[in-house]
>>> print(open('my_file.txt').read())   # compact mmCIF, C-alpha atoms and all ligand atoms
# COMPACT_ATOMS: atom_id res chain seq x y z
CA MET Q 1 54.73 172.87 -82.48
CA LEU Q 2 55.64 175.83 -84.67
CA THR Q 3 55.43 179.39 -83.38
CA TYR Q 4 55.84 182.65 -85.27
CA SER Q 5 57.27 185.87 -83.88
CA SER Q 6 58.30 189.33 -84.96
CA ASP Q 7 60.01 190.28 -81.70
CA ARG Q 8 61.86 187.19 -80.54
CA PRO Q 9 65.59 187.99 -80.68
CA VAL Q 10 67.75 186.12 -83.17
CA THR Q 11 71.49 185.79 -82.70
CA ALA Q 12 73.94 186.05 -85.58
CA HIS Q 13 74.86 182.42 -84.89
CA GLU Q 14 71.23 181.25 -85.17
CA PHE Q 15 70.83 183.28 -88.36
CA LYS Q 16 73.94 181.81 -89.94
CA ASP Q 17 72.99 178.28 -88.89
CA LEU Q 18 69.55 178.65 -90.50
CA LEU Q 19 71.03 180.08 -93.70
CA LEU Q 20 73.19 176.97 -93.94
CA ARG Q 21 70.28 174.61 -93.15
CA SER Q 22 68.09 176.30 -95.81
CA THR Q 23 70.76 176.30 -98.60
CA LEU Q 24 70.52 180.12 -98.83
CA GLY Q 25 73.91 180.11 -97.10
CA GLU Q 26 75.42 179.29 -100.49
CA ARG Q 27 74.41 182.80 -101.61
CA ARG Q 28 75.11 184.77 -98.45
CA PRO Q 29 78.43 185.78 -96.80
CA VAL Q 30 78.10 183.24 -93.96
CA GLU Q 31 81.86 183.07 -93.43
CA ASP Q 32 81.96 186.75 -92.45
CA ASP Q 33 80.93 186.97 -88.75
CA ALA Q 34 80.89 190.79 -88.70
CA MET Q 35 78.60 190.80 -91.73
CA MET Q 36 76.21 188.30 -90.12
CA GLN Q 37 76.13 190.41 -86.94
CA GLY Q 38 75.53 193.62 -88.91
CA MET Q 39 72.78 192.06 -91.01
CA ILE Q 40 70.88 190.95 -87.90
CA GLU Q 41 71.54 194.06 -85.77
CA ASN Q 42 70.53 196.59 -88.41
CA SER Q 43 67.41 194.95 -89.76
CA ASN Q 44 64.25 196.57 -88.45
CA LEU Q 45 61.74 193.84 -89.26
CA ILE Q 46 62.56 190.20 -88.66
CA THR Q 47 59.81 187.61 -88.59
CA THR Q 48 60.72 184.13 -87.49
CA CYS Q 49 59.35 180.63 -87.19
CA TRP Q 50 60.50 178.38 -84.35
CA ASP Q 51 60.16 174.71 -83.54
CA ARG Q 52 60.48 175.13 -79.79
CA ASP Q 53 63.96 176.73 -79.51
CA LEU Q 54 65.13 175.88 -83.02
CA LEU Q 55 64.93 178.67 -85.58
CA VAL Q 56 63.41 177.04 -88.68
CA GLY Q 57 62.39 180.05 -90.78
CA ILE Q 58 63.22 183.72 -91.16
CA SER Q 59 62.17 186.74 -93.18
CA ARG Q 60 64.69 189.57 -92.69
CA SER Q 61 63.68 193.03 -93.92
CA VAL Q 62 64.67 196.67 -93.94
CA THR Q 63 61.63 198.95 -94.02
CA ASP Q 64 60.14 202.37 -93.27
CA PHE Q 65 56.80 200.56 -92.58
CA HIS Q 66 54.94 203.07 -94.77
CA TYR Q 67 56.23 203.07 -98.34
CA CYS Q 68 58.71 200.25 -98.88
CA CYS Q 69 59.81 197.03 -97.26
CA TYR Q 70 62.87 195.29 -98.68
CA VAL Q 71 62.92 191.60 -97.85
CA SER Q 72 66.57 190.66 -98.02
CA ASP Q 73 66.48 187.05 -96.87
CA LEU Q 74 63.69 184.52 -96.74
CA ALA Q 75 64.94 181.14 -95.62
CA VAL Q 76 63.34 177.96 -94.33
CA ASP Q 77 65.22 174.94 -92.98
CA VAL Q 78 65.24 172.24 -95.70
CA SER Q 79 63.56 169.77 -93.29
CA TYR Q 80 60.67 172.22 -92.84
CA GLN Q 81 60.20 173.39 -96.45
CA ARG Q 82 56.92 172.98 -98.35
CA LYS Q 83 54.89 173.16 -95.14
CA GLY Q 84 53.62 176.73 -95.64
CA ILE Q 85 56.30 178.43 -93.51
CA GLY Q 86 57.79 180.64 -96.25
CA LYS Q 87 54.36 181.87 -97.31
CA LYS Q 88 53.35 182.51 -93.70
CA LEU Q 89 56.56 184.48 -93.00
CA ILE Q 90 55.78 186.77 -95.96
CA GLU Q 91 52.21 187.18 -94.65
CA GLU Q 92 53.56 188.00 -91.17
CA THR Q 93 55.98 190.54 -92.69
CA SER Q 94 53.19 192.08 -94.75
CA GLY Q 95 51.00 192.27 -91.65
CA LYS Q 96 53.59 194.38 -89.83
CA VAL Q 97 53.71 197.18 -92.41
CA ARG Q 98 51.01 199.53 -93.63
CA ASP Q 99 48.72 198.50 -96.49
CA SER Q 100 50.36 201.28 -98.51
CA CYS Q 101 53.78 199.65 -98.15
CA THR Q 102 55.24 197.73 -101.11
CA ILE Q 103 57.13 194.50 -100.40
CA ILE Q 104 60.22 194.37 -102.64
CA LEU Q 105 62.79 191.60 -103.03
CA LEU Q 106 65.38 189.94 -105.25
CA SER Q 107 64.74 186.25 -105.70
CA ALA Q 108 67.38 183.57 -105.41
CA PRO Q 109 67.39 181.35 -108.52
CA ALA Q 110 65.86 178.46 -106.53
CA ALA Q 111 62.86 180.60 -105.58
CA VAL Q 112 61.94 182.29 -108.88
CA ASP Q 113 58.82 180.15 -109.19
CA PHE Q 114 57.92 180.48 -105.51
CA TYR Q 115 57.29 184.23 -105.44
CA PRO Q 116 54.78 184.40 -108.34
CA HIS Q 117 53.10 181.36 -106.79
CA ILE Q 118 52.37 183.34 -103.61
CA GLY Q 119 51.23 186.48 -105.42
CA PHE Q 120 54.35 188.52 -106.26
CA LYS Q 121 54.50 190.37 -109.60
CA LYS Q 122 57.75 190.50 -111.56
CA HIS Q 123 59.07 194.07 -111.93
CA PRO Q 124 60.65 194.89 -115.29
CA GLN Q 125 62.44 198.01 -113.98
CA ALA Q 126 64.45 196.54 -111.11
CA TRP Q 127 68.11 197.57 -110.92
CA VAL Q 128 71.08 196.68 -108.74
CA LEU Q 129 74.19 198.81 -108.22
C1 LIG V 1 61.88 179.46 -101.10
C2 LIG V 1 61.48 179.10 -99.67
C3 LIG V 1 61.63 180.31 -98.76
C4 LIG V 1 59.99 178.67 -99.69
O1 LIG V 1 59.59 178.39 -98.34
P1 LIG V 1 58.66 177.13 -98.04
O2 LIG V 1 58.27 177.20 -96.60
O3 LIG V 1 59.33 175.89 -98.51
O4 LIG V 1 57.42 177.43 -98.99
P2 LIG V 1 55.86 177.23 -98.62
O5 LIG V 1 55.66 175.86 -98.05
O6 LIG V 1 55.37 178.37 -97.84
O7 LIG V 1 55.24 177.25 -100.08
C5 LIG V 1 54.08 178.02 -100.41
C6 LIG V 1 53.64 177.57 -101.80
O8 LIG V 1 54.74 177.77 -102.73
C7 LIG V 1 55.13 176.51 -103.31
N1 LIG V 1 56.59 176.50 -103.39
C8 LIG V 1 57.49 176.40 -102.38
N2 LIG V 1 58.74 176.49 -102.85
C9 LIG V 1 58.66 176.64 -104.17
C10 LIG V 1 59.61 176.79 -105.21
N3 LIG V 1 60.93 176.79 -104.96
N4 LIG V 1 59.16 176.95 -106.47
C11 LIG V 1 57.83 176.96 -106.74
N5 LIG V 1 56.85 176.83 -105.79
C12 LIG V 1 57.27 176.67 -104.53
C13 LIG V 1 54.61 175.44 -102.36
O9 LIG V 1 54.40 174.23 -103.03
C14 LIG V 1 53.31 176.06 -101.88
O10 LIG V 1 52.33 175.93 -102.86
P3 LIG V 1 50.76 175.70 -102.47
O11 LIG V 1 50.37 176.88 -101.60
O12 LIG V 1 50.07 175.69 -103.80
O13 LIG V 1 50.69 174.41 -101.73
C15 LIG V 1 62.28 177.89 -99.12
O14 LIG V 1 62.14 176.81 -100.00
C16 LIG V 1 63.76 178.19 -98.95
O15 LIG V 1 64.19 178.63 -97.89
N6 LIG V 1 64.55 177.91 -100.02
C17 LIG V 1 66.01 178.06 -99.95
C18 LIG V 1 66.44 179.49 -99.78
C19 LIG V 1 65.88 180.40 -100.84
O16 LIG V 1 66.01 180.19 -102.04
N7 LIG V 1 65.24 181.47 -100.35
C20 LIG V 1 64.72 182.53 -101.18
C21 LIG V 1 65.72 183.66 -101.14
S1 LIG V 1 65.18 185.02 -102.10
>>> encode(input="my_file.txt", output="structure tokens")
Amino acid sequence: MLTYSSDRPVTAHEFKDLLLRSTLGERRPVEDDAMMQGMIENSNLITTCWDRDLLVGISRSVTDFHYCCYVSDLAVDVSYQRKGIGKKLIEETSGKVRDSCTIILLSAPAAVDFYPHIGFKKHPQAWVL
């Protein structure tokens, strides 16, 4: 049975393991333990999906809860993909911030068709430094 949470603690090890099981690990610095620890410790909104004690999905965000919410990582275990978990994690994230708050993210190449499918609009003025 799957359960969703926004307050269940996630260790850096569980985070890294899920990144690898989702394939997003190919695009994240999973070999850098201090980075993994810092990413988990300093995020202020993490929604998760669990199959009993196994972390099978995560949405990791940095937000002020009022104006902007940056979703840095959305990852679902390959064995659990296409079951509605990714969409539900975005809904859970959205439900934790005010209606006035914009959800912002950079898509991985593999997910460019996923985000418009669940309602995201492409932004022509996005920049990265
Ligand atoms: C992208 C990802 C998060 C989607 O999660 P998911 O749980 O598999 O997606 P869902 O089951 O919630 O899909 C919701 C809808 O989007 C569709 N969808 C899922 N992945 C898709 C994709 N890559 N491209 C297009 N549509 C997709 C589903 O078919 C479903 O459609 P429906 O509602 O019409 O049935 C997941 O595939 C993943 O972790 N991928 C690898 C890591 C990655 O690229 N993450 C994004 C980083 S920005």
>>> residues_around(input="my_file.txt", residues="Ala108 in chain Q", least_positions_apart="2", cutoff="10 Å", atoms="all atoms listed in the file", output="ChimeraX atom specification")
/Q:24,27,73-74,105-106,110-114
>>> atom_distance(input="my_file.txt", atom1="CA of Phe65 in chain Q", atom2="atom C7 of ligand LIG 1 (chain V)")
26.4 Å
>>> residues_near_ligand(input="my_file.txt", ligand="ligand LIG 1 (chain V)", cutoff="12 Å", atoms="all atoms listed in the file", output="JSON, numbers by chain")
{"Q": [18, 19, 20, 21, 22, 23, 24, 25, 26, 27, 28, 48, 49, 56, 57, 58, 59, 60, 61, 70, 71, 72, 73, 74, 75, 76, 77, 78, 79, 80, 81, 82, 83, 84, 85, 86, 87, 88, 89, 90, 91, 92, 104, 105, 106, 107, 108, 109, 110, 111, 112, 113, 114, 115, 116, 117, 118, 119, 120]}
>>> closest_residue(input="my_file.txt", among="Q:Ile103, Q:Met39, Q:Cys69, Q:Ala126", to="Phe15 in chain Q", atoms="only C-alpha atoms")
Q:Met39
>>> closest_residue(input="my_file.txt", among="Q:Ser6, Q:Asp17, Q:Pro29, Q:Val128", to="Thr93 in chain Q", atoms="all atoms listed in the file")
Q:Ser6
>>> atom_distance(input="my_file.txt", atom1="CA of Asn42 in chain Q", atom2="CA of Val62 in chain Q")
8.1 Å
>>> atom_distance(input="my_file.txt", atom1="CA of Ala34 in chain Q", atom2="CA of Arg8 in chain Q")
21.0 Å
>>> residues_around(input="my_file.txt", residues="Thr3 in chain Q", least_positions_apart="3", cutoff="8 Å", atoms="only C-alpha atoms", output="PDB file with C-alpha atoms, in the frame of the given file")
ATOM      1  CA  CYS Q  49      59.350 180.630 -87.190  1.00  0.00           C
ATOM      2  CA  TRP Q  50      60.500 178.380 -84.350  1.00  0.00           C
ATOM      3  CA  ASP Q  51      60.160 174.710 -83.540  1.00  0.00           C
ATOM      4  CA  ARG Q  52      60.480 175.130 -79.790  1.00  0.00           C
TER       5      ARG Q  52
END
